[in-house]
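Asker: See model_15.txt below, with compact mmCIF, C-alpha atoms and all ligand atoms.
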# COMPACT_ATOMS: atom_id res chain seq x y z
CA THR A 199 56.68 351.63 130.92
CA LEU A 200 55.74 348.67 133.09
CA PRO A 201 57.60 345.38 132.63
CA LYS A 202 55.95 342.70 130.49
CA VAL A 203 54.83 339.78 132.63
CA ALA A 204 54.52 336.08 131.77
CA TRP A 205 52.38 334.11 134.24
CA ILE A 206 52.60 330.29 134.45
CA GLY A 207 49.96 328.54 136.60
CA LEU A 208 46.49 330.08 136.73
CA GLY A 209 44.82 328.04 139.47
CA ILE A 210 42.90 329.07 142.58
CA MET A 211 45.67 331.55 143.46
CA GLY A 212 47.28 332.34 140.11
CA SER A 213 44.10 333.46 138.32
CA PRO A 214 43.09 336.24 140.73
CA MET A 215 46.73 337.29 141.23
CA ALA A 216 47.32 337.64 137.48
CA GLU A 217 44.07 339.61 137.23
CA ASN A 218 45.31 342.02 139.90
CA LEU A 219 48.44 342.67 137.85
CA ILE A 220 46.27 343.39 134.79
CA LYS A 221 44.15 345.79 136.88
CA ALA A 222 47.39 347.54 137.93
CA GLY A 223 48.21 348.14 134.27
CA TYR A 224 50.60 345.29 133.49
CA SER A 225 50.38 343.37 130.24
CA VAL A 226 50.18 339.70 131.26
CA THR A 227 50.67 336.68 129.00
CA GLY A 228 49.58 333.46 130.67
CA PHE A 229 49.86 329.72 130.32
CA THR A 230 48.25 326.96 132.40
CA LEU A 231 46.87 323.46 131.81
CA GLU A 232 43.09 324.09 131.98
CA GLN A 233 41.41 325.71 128.97
CA GLU A 234 38.74 327.25 131.19
CA LYS A 235 41.42 329.19 133.12
CA LEU A 236 42.94 330.42 129.86
CA ASP A 237 39.50 331.61 128.75
CA ARG A 238 39.12 333.43 132.08
CA LEU A 239 42.48 335.17 131.56
CA ALA A 240 41.48 336.31 128.07
CA ALA A 241 38.11 337.56 129.35
CA ASN A 242 39.94 339.64 131.97
CA GLY A 243 42.30 341.36 129.57
CA GLY A 244 45.27 338.98 129.51
CA THR A 245 46.95 337.32 126.53
CA VAL A 246 46.81 333.53 126.22
CA ALA A 247 50.05 331.76 125.27
CA SER A 248 50.19 328.39 123.51
CA SER A 249 53.13 327.06 125.57
CA ILE A 250 55.52 328.05 128.33
CA ALA A 251 58.11 329.03 125.73
CA ASP A 252 55.55 331.19 123.94
CA ALA A 253 54.57 332.86 127.25
CA VAL A 254 58.07 333.70 128.45
CA ARG A 255 59.70 334.87 125.21
CA GLY A 256 59.95 338.65 125.40
CA ALA A 257 58.85 338.80 129.06
CA ASP A 258 60.76 340.98 131.52
CA VAL A 259 59.29 339.21 134.53
CA VAL A 260 58.17 335.56 134.64
CA ILE A 261 55.94 334.47 137.53
CA THR A 262 55.18 330.84 138.37
CA MET A 263 52.32 329.72 140.66
CA VAL A 264 52.02 325.93 140.38
CA PRO A 265 51.42 323.16 142.93
CA ALA A 266 54.82 321.85 144.04
CA SER A 267 58.54 321.33 143.38
CA PRO A 268 58.14 318.79 140.50
CA GLN A 269 55.98 321.21 138.51
CA VAL A 270 58.37 324.11 139.13
CA GLU A 271 61.28 321.95 137.95
CA ALA A 272 59.42 320.80 134.84
CA ILE A 273 58.42 324.35 133.95
CA ALA A 274 61.87 325.81 134.62
CA TYR A 275 64.18 323.13 133.23
CA GLY A 276 62.19 321.56 130.38
CA GLU A 277 63.12 322.09 126.73
CA ASP A 278 59.97 324.19 126.39
CA GLY A 279 60.79 325.73 129.76
CA ILE A 280 61.65 329.09 131.25
CA LEU A 281 65.45 328.87 131.45
CA GLU A 282 65.74 327.81 127.79
CA ASN A 283 63.34 330.41 126.46
CA ALA A 284 63.33 333.52 128.66
CA ARG A 285 65.62 336.38 127.65
CA GLN A 286 68.88 337.05 129.45
CA GLY A 287 68.32 339.53 132.27
CA ALA A 288 64.73 338.44 132.86
CA LEU A 289 63.54 338.09 136.47
CA LEU A 290 61.90 334.78 137.46
CA ILE A 291 59.65 335.02 140.54
CA ASP A 292 58.44 331.64 141.78
CA MET A 293 55.45 332.19 144.07
CA SER A 294 54.62 328.47 144.52
CA SER A 295 55.20 326.84 147.93
CA ILE A 296 58.07 324.39 147.35
CA THR A 297 61.10 323.01 149.18
CA PRO A 298 63.74 325.61 150.06
CA GLN A 299 66.38 323.46 148.33
CA THR A 300 64.46 323.55 145.02
CA SER A 301 64.50 327.36 145.21
CA ILE A 302 68.24 327.43 145.96
CA ASP A 303 68.95 325.09 143.02
CA LEU A 304 66.71 327.10 140.70
CA ALA A 305 68.54 330.32 141.57
CA GLU A 306 71.88 328.66 140.79
CA ALA A 307 70.60 327.29 137.45
CA GLY A 308 69.18 330.69 136.61
CA ARG A 309 72.49 332.40 137.33
CA GLU A 310 74.17 330.20 134.69
CA LYS A 311 71.60 331.40 132.13
CA GLY A 312 71.66 335.07 133.12
CA ILE A 313 68.18 334.84 134.65
CA ARG A 314 67.68 336.25 138.14
CA VAL A 315 65.43 334.31 140.52
CA LEU A 316 63.39 335.11 143.63
CA ASP A 317 61.39 332.68 145.76
CA ALA A 318 58.24 334.52 146.82
CA PRO A 319 55.62 332.18 148.31
CA VAL A 320 52.48 333.75 149.73
CA SER A 321 49.98 333.40 152.54
CA GLY A 322 46.43 334.69 152.80
CA GLY A 323 44.46 332.13 150.84
CA GLU A 324 42.15 332.61 147.90
CA ALA A 325 40.51 335.63 149.59
CA GLY A 326 43.92 337.22 150.12
CA ALA A 327 44.73 336.67 146.45
CA VAL A 328 41.43 338.15 145.26
CA GLU A 329 41.71 341.18 147.55
CA ALA A 330 45.45 341.69 146.82
CA VAL A 331 46.32 341.58 150.53
CA LEU A 332 48.66 338.57 150.52
CA SER A 333 51.69 338.24 152.76
CA ILE A 334 54.65 337.68 150.44
CA MET A 335 57.80 336.07 151.92
CA VAL A 336 60.77 336.55 149.66
CA GLY A 337 64.21 334.97 149.34
CA GLY A 338 66.98 336.29 147.07
CA GLU A 339 69.03 339.39 146.32
CA GLN A 340 68.05 342.83 147.61
CA ALA A 341 68.38 344.45 144.15
CA ASP A 342 66.03 341.89 142.60
CA PHE A 343 63.59 342.32 145.48
CA ASP A 344 63.64 346.08 144.93
CA GLN A 345 62.95 345.61 141.23
CA ALA A 346 60.07 343.20 141.94
CA ARG A 347 58.55 345.41 144.63
CA PRO A 348 55.95 347.17 142.41
CA VAL A 349 54.72 343.77 141.20
CA PHE A 350 54.47 342.53 144.78
CA ASP A 351 52.63 345.72 145.79
CA ALA A 352 49.92 344.90 143.22
CA LEU A 353 49.43 341.44 144.76
CA GLY A 354 49.90 341.81 148.50
CA ARG A 355 50.13 344.01 151.55
CA THR A 356 52.85 342.56 153.81
CA ILE A 357 55.97 342.10 151.70
CA VAL A 358 59.25 341.11 153.32
CA LEU A 359 62.68 340.07 152.05
CA CYS A 360 63.46 337.27 154.53
CA GLY A 361 67.02 336.42 153.44
CA PRO A 362 68.92 334.63 150.67
CA HIS A 363 67.47 332.18 148.12
CA GLY A 364 65.23 329.63 149.87
CA ALA A 365 64.56 331.85 152.90
CA GLY A 366 61.10 332.78 151.61
CA GLN A 367 60.26 329.07 151.36
CA THR A 368 61.56 328.39 154.86
CA VAL A 369 59.29 331.11 156.25
CA LYS A 370 56.37 329.75 154.22
CA ALA A 371 57.03 326.27 155.67
CA ALA A 372 56.76 327.79 159.17
CA ASN A 373 53.55 329.51 158.07
CA GLN A 374 52.03 326.20 157.01
CA LEU A 375 53.01 324.59 160.32
CA ILE A 376 51.27 327.36 162.27
CA VAL A 377 48.16 327.29 160.06
CA ALA A 378 47.73 323.50 160.24
CA VAL A 379 48.14 323.38 164.03
CA ASN A 380 45.76 326.34 164.38
CA ILE A 381 43.09 324.70 162.19
CA GLN A 382 43.42 321.46 164.12
CA ALA A 383 43.00 323.29 167.45
CA CYS A 384 39.93 325.13 166.14
CA ALA A 385 38.46 321.87 164.80
CA GLU A 386 38.93 320.18 168.18
CA ALA A 387 37.27 323.15 169.90
CA VAL A 388 34.33 323.04 167.45
CA VAL A 389 33.60 319.36 168.10
CA PHE A 390 34.02 319.86 171.84
CA LEU A 391 31.65 322.86 171.86
CA GLU A 392 28.99 321.13 169.76
CA LYS A 393 29.06 317.95 171.85
CA SER A 394 28.73 320.16 174.93
CA GLY A 395 25.54 321.69 173.50
CA VAL A 396 26.89 325.24 173.34
CA ASP A 397 25.77 327.55 170.52
CA LEU A 398 28.69 327.37 168.11
CA ASN A 399 28.12 330.71 166.43
CA ALA A 400 28.10 332.58 169.76
CA ALA A 401 31.08 330.64 171.04
CA LEU A 402 33.23 331.31 167.98
CA ASP A 403 32.33 335.01 168.02
CA VAL A 404 33.51 335.51 171.59
CA LEU A 405 36.57 333.30 171.08
CA ALA A 406 37.54 335.40 168.06
CA GLY A 407 37.76 338.51 170.27
CA GLY A 408 40.17 337.04 172.81
CA LEU A 409 43.61 335.49 172.74
CA ALA A 410 42.18 332.48 170.87
CA GLY A 411 41.28 334.71 167.94
CA SER A 412 43.19 334.16 164.70
CA THR A 413 42.96 334.72 160.98
CA VAL A 414 42.21 331.00 160.69
CA LEU A 415 39.26 331.28 163.08
CA ALA A 416 37.93 334.40 161.33
CA ARG A 417 38.33 333.04 157.79
CA LYS A 418 37.26 329.44 158.44
CA LYS A 419 34.38 330.04 160.87
CA ASP A 420 31.68 329.53 158.24
CA ASN A 421 33.46 326.45 156.87
CA PHE A 422 33.39 324.92 160.35
CA ILE A 423 29.77 325.86 161.13
CA ASN A 424 28.33 324.82 157.75
CA ARG A 425 30.68 321.89 157.05
CA GLU A 426 31.47 323.71 153.81
CA PHE A 427 34.74 322.23 152.53
CA ALA A 428 35.06 323.38 148.90
CA PRO A 429 38.69 324.59 148.47
CA GLY A 430 40.23 327.14 149.27
CA PHE A 431 43.40 325.40 150.08
CA ARG A 432 43.36 321.71 149.33
CA ILE A 433 44.35 319.08 151.91
CA ASP A 434 46.63 317.60 149.20
CA LEU A 435 48.63 320.84 149.10
CA HIS A 436 48.82 321.11 152.88
CA HIS A 437 50.05 317.51 152.98
CA LYS A 438 52.83 318.58 150.60
CA ASP A 439 53.66 321.52 152.89
CA MET A 440 53.73 319.40 156.06
CA GLY A 441 56.27 317.19 154.28
CA ILE A 442 58.36 320.27 153.43
CA VAL A 443 58.36 321.63 156.98
CA THR A 444 59.04 318.28 158.68
CA ASP A 445 61.97 317.57 156.31
CA ALA A 446 63.40 321.07 156.67
CA ALA A 447 63.09 320.95 160.47
CA ARG A 448 64.80 317.55 160.61
CA ASN A 449 67.65 318.93 158.49
CA VAL A 450 68.37 321.65 161.03
CA GLY A 451 67.60 319.59 164.15
CA ALA A 452 64.43 321.45 165.17
CA ALA A 453 61.79 319.37 166.98
CA LEU A 454 58.19 319.63 165.73
CA PRO A 455 56.32 317.26 168.06
CA VAL A 456 52.87 318.79 167.56
CA GLY A 457 53.52 319.53 163.90
CA ALA A 458 54.42 315.89 163.31
CA VAL A 459 51.11 314.74 164.79
CA VAL A 460 49.14 317.24 162.71
CA ALA A 461 51.07 316.10 159.63
CA GLN A 462 49.79 312.58 160.36
CA LEU A 463 46.22 313.85 160.71
CA VAL A 464 46.49 315.64 157.35
CA ALA A 465 47.86 312.44 155.78
CA SER A 466 44.99 310.47 157.31
CA LEU A 467 42.39 312.76 155.72
CA ARG A 468 44.01 312.21 152.36
CA ALA A 469 44.04 308.47 152.86
CA GLN A 470 40.30 308.63 153.50
CA GLY A 471 39.69 310.36 150.18
CA ASP A 472 39.42 313.93 151.43
CA GLY A 473 42.56 315.29 149.71
CA GLY A 474 40.53 317.53 147.40
CA LEU A 475 38.71 319.26 150.25
CA ASP A 476 39.69 322.53 151.94
CA HIS A 477 42.10 322.18 154.88
CA SER A 478 39.31 323.24 157.25
CA ALA A 479 38.13 319.63 156.68
CA LEU A 480 40.57 318.67 159.46
CA LEU A 481 37.28 319.01 161.33
CA ARG A 482 36.11 315.78 159.66
CA GLY A 483 39.07 313.92 161.10
CA VAL A 484 38.25 315.14 164.62
CA GLU A 485 34.62 314.10 164.14
CA ARG A 486 35.68 310.61 163.08
CA LEU A 487 37.97 310.31 166.10
CA SER A 488 35.09 311.51 168.29
CA GLY A 489 32.71 308.85 167.01
CA ARG A 490 30.43 310.77 164.68
P1 LIG B 1 45.84 324.99 141.88
O1 LIG B 1 45.96 323.52 141.76
O2 LIG B 1 44.49 325.61 141.97
O3 LIG B 1 46.58 325.68 140.63
C1 LIG B 1 47.79 325.21 140.09
C2 LIG B 1 47.86 325.63 138.64
O4 LIG B 1 49.14 325.23 138.12
C3 LIG B 1 46.81 324.97 137.75
O5 LIG B 1 46.09 325.96 137.06
C4 LIG B 1 47.62 324.13 136.78
O6 LIG B 1 47.12 324.14 135.46
C5 LIG B 1 48.97 324.81 136.79
N1 LIG B 1 50.04 323.92 136.37
C6 LIG B 1 50.43 322.74 136.95
N2 LIG B 1 51.41 322.19 136.22
C7 LIG B 1 51.64 323.01 135.17
C8 LIG B 1 52.53 322.98 134.06
N3 LIG B 1 53.39 321.97 133.89
N4 LIG B 1 52.48 324.00 133.17
C9 LIG B 1 51.62 325.02 133.33
N5 LIG B 1 50.75 325.11 134.37
C10 LIG B 1 50.77 324.11 135.28
O7 LIG B 1 46.74 325.42 143.13
P2 LIG B 1 46.68 326.75 144.01
O8 LIG B 1 45.75 326.54 145.15
O9 LIG B 1 46.52 327.93 143.12
O10 LIG B 1 48.18 326.75 144.63
C11 LIG B 1 49.32 327.10 143.87
C12 LIG B 1 50.51 327.21 144.81
O11 LIG B 1 50.23 328.22 145.79
C13 LIG B 1 50.80 325.93 145.60
O12 LIG B 1 52.19 325.79 145.78
C14 LIG B 1 50.11 326.19 146.93
O13 LIG B 1 50.71 325.45 147.98
C15 LIG B 1 50.33 327.67 147.09
N6 LIG B 1 49.33 328.40 147.92
C16 LIG B 1 48.01 328.14 147.81
C17 LIG B 1 47.09 328.83 148.61
C18 LIG B 1 45.59 328.57 148.57
O14 LIG B 1 44.87 329.02 149.47
N7 LIG B 1 45.06 327.88 147.57
C19 LIG B 1 47.55 329.81 149.49
C20 LIG B 1 48.91 330.10 149.55
C21 LIG B 1 49.79 329.37 148.76
Would you give me this structure, written as structure tokens?

Answerer:
Amino acid sequence: TLPKVAWIGLGIMGSPMAENLIKAGYSVTGFTLEQEKLDRLAANGGTVASSIADAVRGADVVITMVPASPQVEAIAYGEDGILENARQGALLIDMSSITPQTSIDLAEAGREKGIRVLDAPVSGGEAGAVEAVLSIMVGGEQADFDQARPVFDALGRTIVLCGPHGAGQTVKAANQLIVAVNIQACAEAVVFLEKSGVDLNAALDVLAGGLAGSTVLARKKDNFINREFAPGFRIDLHHKDMGIVTDAARNVGAALPVGAVVAQLVASLRAQGDGGLDHSALLRGVERLSGR
């Protein structure tokens, strides 16, 4: 029989991911802060828990998908939390994007409680979550990865054990660096093309077929053309991720000159009140710098 899953954090990513597990036949008990997301889980065949403790008791696998390190720590270490209430031998898979060090510390704390831990952040956005085609970058032990593999297969398509605890988060930090720089480059090209009077739709189509093509360009094309910035992936979260990658790079002595500039541009958007918009709104920053 399939393992019983507890799912903590049913946001833009967590809701469709949990639903994909239910579709694959898993019994999923969920907890999150918004009542409307709990109602959605129930409507899709999940069980609603009244607390984290209630969700994780009796679960074989606990999955967390929350915004950042402080939420993961609160959920894991609190009195009502996972480490106090999950059974010995349970597997905790944190799929949030957090600092590598938080993942390393969580694995150590789990070991003391007899709870195995994997860091397994994802890339592919809301569409990737809905379509179950996420890239899943995992850190931890091979045996735990092997045990989690069927769960990952129900959520994603490219699933790789990257190394020990924290390695999944390090790869995800690199992912966020590449995505932010790519969006910024596309946004600069969009403003340049429009100001030059070139048809944007035609230009982006032909660019997508050459070396300039990217998943960012394909997925964000309509956002750019229509100035449609409903998230998606919020600027606030990408700001968090640019902090993670710049800190981690400094720790190992890797230079990120372009990444550091893009981190500033993300921070600037937030400061101007755009933190709740999709990260394709980097286009707004370029427009402001270009005088429109
Ligand atoms: P979100 O804000 O939509 O969802 C976060 C969820 O966590 C919310 O439902 C909230 O209720 C829940 N939560 C927060 N604190 C909680 C607590 N103490 N107890 C229980 N639930 C709690 O965020 P999201 O876009 O789904 O992102 C989640 C994670 O995935 C983040 O780390 C993000 O960086 C990462 N991520 C997001 C995307 C994307 O495109 N949105 C893509 C890849 C990775």

Asker: Using only C-alpha atoms and all ligand atoms, which of the listed residues (A:His363, A:Arg448, A:Arg238, A:Arg468) sits closest to ligand LIG 1 (chain B)?

Answerer: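 Checking each candidate against ligand LIG 1 (chain B), we get A:Arg238 as the closest.
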
Asker: Place a sphere of radius 10 Å on (68.0, 339.9, 143.9) in the file coordinates and name every protein, DNA or RNA residue with an atom inside or on its surface, counting all atoms listed in the file; give the answer as a list in words.

Answerer: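 The requested residues, written out, are Leu289, Ala305, Arg314, Val315, Leu316, Asp317, Val336, Gly337, Gly338, Glu339, Gln340, Ala341, Asp342, Phe343, Asp344, Gln345, Ala346, Leu359, Pro362 and His363 of chain A.
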
Asker: Need the axis-aligned box for region 211-217 of chain A with 6 Å each side, so what are the centre and edges in Å to one decimal, as lines of an AutoDock Vina configuration file?

Answerer:
center_x = 45.2
center_y = 335.6
center_z = 140.3
size_x = 16.2
size_y = 20.1
size_z = 18.2

Asker: For the atom pair CA of Thr230 (chain A) and CA of Ala318 (chain A), what is the interatomic distance in Å to one decimal place?

Answerer: 19.1 Å

Asker: Which neighbours of Asn242 (chain A) fall inside 12 Å, counting all atoms listed in the file, when residues of the same chain fewer than 4 positions from it are skipped, and could you give them as a short mmCIF file (atom, residue, chain, number, x, y, z; two decimals) with C-alpha atoms, in the coordinates of the input?

Answerer:
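This went into selection_11.cif:
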data_model
loop_
_atom_site.label_atom_id
_atom_site.label_comp_id
_atom_site.auth_asym_id
_atom_site.auth_seq_id
_atom_site.Cartn_x
_atom_site.Cartn_y
_atom_site.Cartn_z
CA SER A 213 44.10 333.46 138.32
CA PRO A 214 43.09 336.24 140.73
CA MET A 215 46.73 337.29 141.23
CA ALA A 216 47.32 337.64 137.48
CA GLU A 217 44.07 339.61 137.23
CA ASN A 218 45.31 342.02 139.90
CA LEU A 219 48.44 342.67 137.85
CA ILE A 220 46.27 343.39 134.79
CA LYS A 221 44.15 345.79 136.88
CA SER A 225 50.38 343.37 130.24
CA VAL A 226 50.18 339.70 131.26
CA THR A 227 50.67 336.68 129.00
CA GLY A 228 49.58 333.46 130.67
CA LYS A 235 41.42 329.19 133.12
CA LEU A 236 42.94 330.42 129.86
CA ASP A 237 39.50 331.61 128.75
CA ARG A 238 39.12 333.43 132.08
CA VAL A 246 46.81 333.53 126.22
#

Asker: Neighbouring residues of ligand LIG 1 (chain B) are defined here as those with any atom at most 9 Å from a ligand atom, counting all atoms listed in the file; list them as a ChimeraX atom specification.

Answerer: /A:206-213,229-233,235,249-250,262-273,293-296,319-327,332,370,374,429-432,434-436,438-439,476

Asker: Have a look at CA of Val331 (chain A) and CA of Pro348 (chain A) and let me know their distance in Å, one decimal.

Answerer: 13.8 Å

Asker: Could you name the residues that touch Lys418 (chain A) at 12 Å or less, counting only C-alpha atoms, but leaving out those on the same chain fewer than 4 positions away, as a count of residues only?

Answerer: 32

Asker: Quick test: take region 435-458 of chain A, keep N, CA and C atoms, and write it as an mmCIF file, in the first residue's frame.

Answerer:
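For reference, selection39.cif as written:
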data_model
loop_
_atom_site.group_PDB
_atom_site.id
_atom_site.type_symbol
_atom_site.label_atom_id
_atom_site.label_comp_id
_atom_site.auth_asym_id
_atom_site.auth_seq_id
_atom_site.Cartn_x
_atom_site.Cartn_y
_atom_site.Cartn_z
ATOM 1 N N LEU A 435 9.339 36.409 -3.140
ATOM 2 C CA LEU A 435 10.022 35.120 -3.011
ATOM 3 C C LEU A 435 11.337 35.121 -3.780
ATOM 4 N N HIS A 436 11.351 35.797 -4.928
ATOM 5 C CA HIS A 436 12.621 35.828 -5.679
ATOM 6 C C HIS A 436 13.655 36.703 -4.951
ATOM 7 N N HIS A 437 13.169 37.731 -4.255
ATOM 8 C CA HIS A 437 14.061 38.540 -3.420
ATOM 9 C C HIS A 437 14.715 37.655 -2.350
ATOM 10 N N LYS A 438 13.889 36.836 -1.699
ATOM 11 C CA LYS A 438 14.412 35.865 -0.725
ATOM 12 C C LYS A 438 15.481 34.980 -1.370
ATOM 13 N N ASP A 439 15.214 34.486 -2.567
ATOM 14 C CA ASP A 439 16.151 33.570 -3.227
ATOM 15 C C ASP A 439 17.440 34.277 -3.658
ATOM 16 N N MET A 440 17.345 35.534 -4.068
ATOM 17 C CA MET A 440 18.579 36.252 -4.435
ATOM 18 C C MET A 440 19.441 36.474 -3.200
ATOM 19 N N GLY A 441 18.800 36.652 -2.036
ATOM 20 C CA GLY A 441 19.563 36.717 -0.788
ATOM 21 C C GLY A 441 20.253 35.392 -0.504
ATOM 22 N N ILE A 442 19.555 34.286 -0.717
ATOM 23 C CA ILE A 442 20.142 32.961 -0.464
ATOM 24 C C ILE A 442 21.353 32.746 -1.363
ATOM 25 N N VAL A 443 21.210 33.044 -2.654
ATOM 26 C CA VAL A 443 22.319 32.729 -3.575
ATOM 27 C C VAL A 443 23.493 33.676 -3.356
ATOM 28 N N THR A 444 23.242 34.956 -3.058
ATOM 29 C CA THR A 444 24.380 35.861 -2.856
ATOM 30 C C THR A 444 25.123 35.502 -1.562
ATOM 31 N N ASP A 445 24.405 35.140 -0.512
ATOM 32 C CA ASP A 445 25.067 34.691 0.731
ATOM 33 C C ASP A 445 25.881 33.425 0.500
ATOM 34 N N ALA A 446 25.248 32.442 -0.150
ATOM 35 C CA ALA A 446 25.913 31.152 -0.349
ATOM 36 C C ALA A 446 27.152 31.325 -1.223
ATOM 37 N N ALA A 447 27.069 32.180 -2.237
ATOM 38 C CA ALA A 447 28.214 32.404 -3.122
ATOM 39 C C ALA A 447 29.339 33.111 -2.368
ATOM 40 N N ARG A 448 28.969 34.063 -1.517
ATOM 41 C CA ARG A 448 30.000 34.752 -0.726
ATOM 42 C C ARG A 448 30.711 33.762 0.193
ATOM 43 N N ASN A 449 29.940 32.834 0.768
ATOM 44 C CA ASN A 449 30.531 31.853 1.685
ATOM 45 C C ASN A 449 31.589 30.996 1.016
ATOM 46 N N VAL A 450 31.417 30.722 -0.271
ATOM 47 C CA VAL A 450 32.395 29.858 -0.953
ATOM 48 C C VAL A 450 33.355 30.661 -1.840
ATOM 49 N N GLY A 451 33.229 31.988 -1.825
ATOM 50 C CA GLY A 451 34.151 32.806 -2.607
ATOM 51 C C GLY A 451 33.885 32.798 -4.095
ATOM 52 N N ALA A 452 32.600 32.624 -4.478
ATOM 53 C CA ALA A 452 32.245 32.698 -5.905
ATOM 54 C C ALA A 452 31.712 34.104 -6.212
ATOM 55 N N ALA A 453 32.203 34.714 -7.275
ATOM 56 C CA ALA A 453 31.755 36.056 -7.669
ATOM 57 C C ALA A 453 30.451 35.961 -8.459
ATOM 58 N N LEU A 454 29.494 36.834 -8.123
ATOM 59 C CA LEU A 454 28.236 36.905 -8.883
ATOM 60 C C LEU A 454 27.996 38.344 -9.313
ATOM 61 N N PRO A 455 28.845 38.914 -10.154
ATOM 62 C CA PRO A 455 28.698 40.343 -10.448
ATOM 63 C C PRO A 455 27.358 40.693 -11.076
ATOM 64 N N VAL A 456 26.912 39.915 -12.044
ATOM 65 C CA VAL A 456 25.620 40.225 -12.680
ATOM 66 C C VAL A 456 24.477 39.857 -11.743
ATOM 67 N N GLY A 457 24.607 38.727 -11.059
ATOM 68 C CA GLY A 457 23.584 38.328 -10.100
ATOM 69 C C GLY A 457 23.377 39.377 -9.025
ATOM 70 N N ALA A 458 24.451 39.997 -8.581
ATOM 71 C CA ALA A 458 24.330 41.019 -7.534
ATOM 72 C C ALA A 458 23.540 42.223 -8.033
#
